[in-house]
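*Asks:* PDB, C-alpha atoms, saved as target05.pdb, coming up:
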ATOM      1  CA  MET A   1       0.000   0.000   0.000  1.00  0.00           C
ATOM      2  CA  ILE A   2       1.458   3.313  -1.108  1.00  0.00           C
ATOM      3  CA  ASP A   3       0.210   6.377   0.770  1.00  0.00           C
ATOM      4  CA  ALA A   4       0.824   9.238  -1.650  1.00  0.00           C
ATOM      5  CA  ARG A   5      -1.555  11.686  -0.008  1.00  0.00           C
ATOM      6  CA  GLY A   6      -0.070  15.151   0.249  1.00  0.00           C
ATOM      7  CA  LEU A   7       2.426  14.487  -2.528  1.00  0.00           C
ATOM      8  CA  SER A   8       2.302  16.492  -5.728  1.00  0.00           C
ATOM      9  CA  CYS A   9       2.823  14.982  -9.150  1.00  0.00           C
ATOM     10  CA  PRO A  10       4.902  13.323 -10.349  1.00  0.00           C
ATOM     11  CA  GLN A  11       5.783  11.770  -6.957  1.00  0.00           C
ATOM     12  CA  PRO A  12       2.710   9.455  -6.714  1.00  0.00           C
ATOM     13  CA  VAL A  13       3.418   8.084 -10.199  1.00  0.00           C
ATOM     14  CA  ILE A  14       7.114   7.608  -9.413  1.00  0.00           C
ATOM     15  CA  LEU A  15       6.257   5.613  -6.273  1.00  0.00           C
ATOM     16  CA  THR A  16       3.820   3.510  -8.313  1.00  0.00           C
ATOM     17  CA  GLN A  17       6.454   2.925 -11.001  1.00  0.00           C
ATOM     18  CA  LYS A  18       8.934   1.700  -8.382  1.00  0.00           C
ATOM     19  CA  ALA A  19       6.416  -0.840  -7.066  1.00  0.00           C
ATOM     20  CA  VAL A  20       5.685  -2.078 -10.596  1.00  0.00           C
ATOM     21  CA  LYS A  21       9.400  -2.347 -11.424  1.00  0.00           C
ATOM     22  CA  ALA A  22       9.890  -4.340  -8.201  1.00  0.00           C
ATOM     23  CA  GLY A  23       7.569  -6.972  -9.683  1.00  0.00           C
ATOM     24  CA  GLU A  24       4.428  -6.265  -7.673  1.00  0.00           C
ATOM     25  CA  THR A  25       1.368  -7.731  -9.402  1.00  0.00           C
ATOM     26  CA  THR A  26      -1.078  -5.780  -7.225  1.00  0.00           C
ATOM     27  CA  VAL A  27      -0.360  -2.220  -6.158  1.00  0.00           C
ATOM     28  CA  GLN A  28      -2.666  -0.056  -4.035  1.00  0.00           C
ATOM     29  CA  VAL A  29      -2.119   3.691  -4.032  1.00  0.00           C
ATOM     30  CA  MET A  30      -3.958   6.219  -1.862  1.00  0.00           C
ATOM     31  CA  VAL A  31      -3.988   9.726  -3.332  1.00  0.00           C
ATOM     32  CA  ASP A  32      -5.781  12.968  -2.537  1.00  0.00           C
ATOM     33  CA  ASN A  33      -5.790  14.901  -5.799  1.00  0.00           C
ATOM     34  CA  ILE A  34      -7.320  14.430  -9.227  1.00  0.00           C
ATOM     35  CA  CYS A  35      -4.021  14.994 -11.047  1.00  0.00           C
ATOM     36  CA  ALA A  36      -2.515  11.937  -9.340  1.00  0.00           C
ATOM     37  CA  VAL A  37      -5.616   9.868 -10.162  1.00  0.00           C
ATOM     38  CA  GLU A  38      -5.379  10.826 -13.843  1.00  0.00           C
ATOM     39  CA  ASN A  39      -1.621  10.229 -14.094  1.00  0.00           C
ATOM     40  CA  ILE A  40      -1.685   6.866 -12.314  1.00  0.00           C
ATOM     41  CA  THR A  41      -4.666   5.806 -14.440  1.00  0.00           C
ATOM     42  CA  ARG A  42      -2.697   6.633 -17.586  1.00  0.00           C
ATOM     43  CA  PHE A  43       0.379   4.820 -16.258  1.00  0.00           C
ATOM     44  CA  ALA A  44      -1.651   1.697 -15.385  1.00  0.00           C
ATOM     45  CA  LYS A  45      -3.174   1.499 -18.859  1.00  0.00           C
ATOM     46  CA  ASN A  46       0.206   1.976 -20.539  1.00  0.00           C
ATOM     47  CA  CYS A  47       1.709  -0.846 -18.441  1.00  0.00           C
ATOM     48  CA  GLY A  48      -1.134  -3.313 -18.990  1.00  0.00           C
ATOM     49  CA  TYR A  49      -2.548  -3.150 -15.463  1.00  0.00           C
ATOM     50  CA  ALA A  50      -6.267  -3.319 -14.718  1.00  0.00           C
ATOM     51  CA  LEU A  51      -7.369  -0.426 -12.539  1.00  0.00           C
ATOM     52  CA  ALA A  52     -10.066  -0.133  -9.880  1.00  0.00           C
ATOM     53  CA  VAL A  53     -10.836   3.334  -8.504  1.00  0.00           C
ATOM     54  CA  GLU A  54     -12.575   3.670  -5.151  1.00  0.00           C
ATOM     55  CA  ASP A  55     -13.556   7.024  -3.696  1.00  0.00           C
ATOM     56  CA  LYS A  56     -12.899   7.281   0.010  1.00  0.00           C
ATOM     57  CA  THR A  57     -13.818   9.980   2.509  1.00  0.00           C
ATOM     58  CA  GLY A  58     -13.049  13.572   1.574  1.00  0.00           C
ATOM     59  CA  ASP A  59     -10.631  13.899  -1.322  1.00  0.00           C
ATOM     60  CA  ASP A  60      -8.991  10.492  -0.808  1.00  0.00           C
ATOM     61  CA  THR A  61      -9.080   7.973  -3.649  1.00  0.00           C
ATOM     62  CA  LEU A  62      -7.780   4.405  -3.515  1.00  0.00           C
ATOM     63  CA  LEU A  63      -6.371   3.096  -6.792  1.00  0.00           C
ATOM     64  CA  THR A  64      -5.765  -0.633  -7.128  1.00  0.00           C
ATOM     65  CA  LEU A  65      -3.592  -1.736 -10.042  1.00  0.00           C
ATOM     66  CA  THR A  66      -3.648  -5.430 -10.894  1.00  0.00           C
ATOM     67  CA  LYS A  67      -1.507  -7.204 -13.488  1.00  0.00           C
ATOM     68  CA  GLY A  68      -3.661  -9.639 -15.444  1.00  0.00           C
TER      69      GLY A  68
END
Give the structure from this file in structure tokens form.
*Replies:*
Amino acid sequence: MIDARGLSCPQPVILTQKAVKAGETTVQVMVDNICAVENITRFAKNCGYALAVEDKTGDDTLLTLTKG
């Protein structure tokens, strides 16, 4: 689980990239801004990961990337 709340782009994407490069097949990322949601969504699609987006309380969004 990556907690990227409070981080501005591109930091949330960089943390996600590191997890993917480490061979993780499922990566969960908590973010709190729409820019991070959009950038991680784009990254997931480009890398062949399925993406589930779950809105949490306030501005928090949980993104779950899963390698098929």
*Asks:* When you draw a straight line from atom CA of Gly58 of chain A to atom CA of Lys18 of chain A, how long is it in Å?
*Replies:* 26.9 Å
*Asks:* Near segment 47-51 of chain A, counting all atoms listed in the file, which residues have an atom at most 7 Å away, once you skip same-chain residues fewer than 4 positions from it, shown as a ChimeraX atom specification?
*Replies:* /A:43,63-68
*Asks:* For a quick check of your reading of the model, name the residues lying within 12 Å of the coordinate (6.1, 2.1, -5.7), counting only C-alpha atoms, and write them as an NGL selection string.
*Replies:* :A and (1-4 or 11-30 or 40 or 65)
*Asks:* Save out the residues we just selected, C-alpha atoms, as an mmCIF file, keeping the file's coordinate frame.
*Replies:*
data_model
loop_
_atom_site.group_PDB
_atom_site.id
_atom_site.type_symbol
_atom_site.label_atom_id
_atom_site.label_comp_id
_atom_site.auth_asym_id
_atom_site.auth_seq_id
_atom_site.Cartn_x
_atom_site.Cartn_y
_atom_site.Cartn_z
ATOM 1 C CA MET A 1 0.000 0.000 0.000
ATOM 2 C CA ILE A 2 1.458 3.313 -1.108
ATOM 3 C CA ASP A 3 0.210 6.377 0.770
ATOM 4 C CA ALA A 4 0.824 9.238 -1.650
ATOM 5 C CA GLN A 11 5.783 11.770 -6.957
ATOM 6 C CA PRO A 12 2.710 9.455 -6.714
ATOM 7 C CA VAL A 13 3.418 8.084 -10.199
ATOM 8 C CA ILE A 14 7.114 7.608 -9.413
ATOM 9 C CA LEU A 15 6.257 5.613 -6.273
ATOM 10 C CA THR A 16 3.820 3.510 -8.313
ATOM 11 C CA GLN A 17 6.454 2.925 -11.001
ATOM 12 C CA LYS A 18 8.934 1.700 -8.382
ATOM 13 C CA ALA A 19 6.416 -0.840 -7.066
ATOM 14 C CA VAL A 20 5.685 -2.078 -10.596
ATOM 15 C CA LYS A 21 9.400 -2.347 -11.424
ATOM 16 C CA ALA A 22 9.890 -4.340 -8.201
ATOM 17 C CA GLY A 23 7.569 -6.972 -9.683
ATOM 18 C CA GLU A 24 4.428 -6.265 -7.673
ATOM 19 C CA THR A 25 1.368 -7.731 -9.402
ATOM 20 C CA THR A 26 -1.078 -5.780 -7.225
ATOM 21 C CA VAL A 27 -0.360 -2.220 -6.158
ATOM 22 C CA GLN A 28 -2.666 -0.056 -4.035
ATOM 23 C CA VAL A 29 -2.119 3.691 -4.032
ATOM 24 C CA MET A 30 -3.958 6.219 -1.862
ATOM 25 C CA ILE A 40 -1.685 6.866 -12.314
ATOM 26 C CA LEU A 65 -3.592 -1.736 -10.042
#
*Asks:* Any chance you could work out the residue set of the PyMOL selection byres ((chain A and resi 53) around 6) here, as a PDB file with C-alpha atoms, in the frame of the given file?
*Replies:*
ATOM      1  CA  ALA A  52     -10.066  -0.133  -9.880  1.00  0.00           C
ATOM      2  CA  GLU A  54     -12.575   3.670  -5.151  1.00  0.00           C
ATOM      3  CA  LEU A  62      -7.780   4.405  -3.515  1.00  0.00           C
ATOM      4  CA  LEU A  63      -6.371   3.096  -6.792  1.00  0.00           C
TER       5      LEU A  63
END
*Asks:* Rounded to one decimal in Å, what is the spacing between atom CA of Lys56 of chain A and atom CA of Pro10 of chain A?
*Replies:*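 Going from atom CA of Lys56 of chain A over to atom CA of Pro10 of chain A, I get 21.5 Å.
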*Asks:* Give me, please, the distance in Å between atom CA of Ser8 of chain A and atom CA of Arg42 of chain A, quoted to one decimal.
*Replies:*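 Between atom CA of Ser8 of chain A and atom CA of Arg42 of chain A the gap works out to 16.2 Å.
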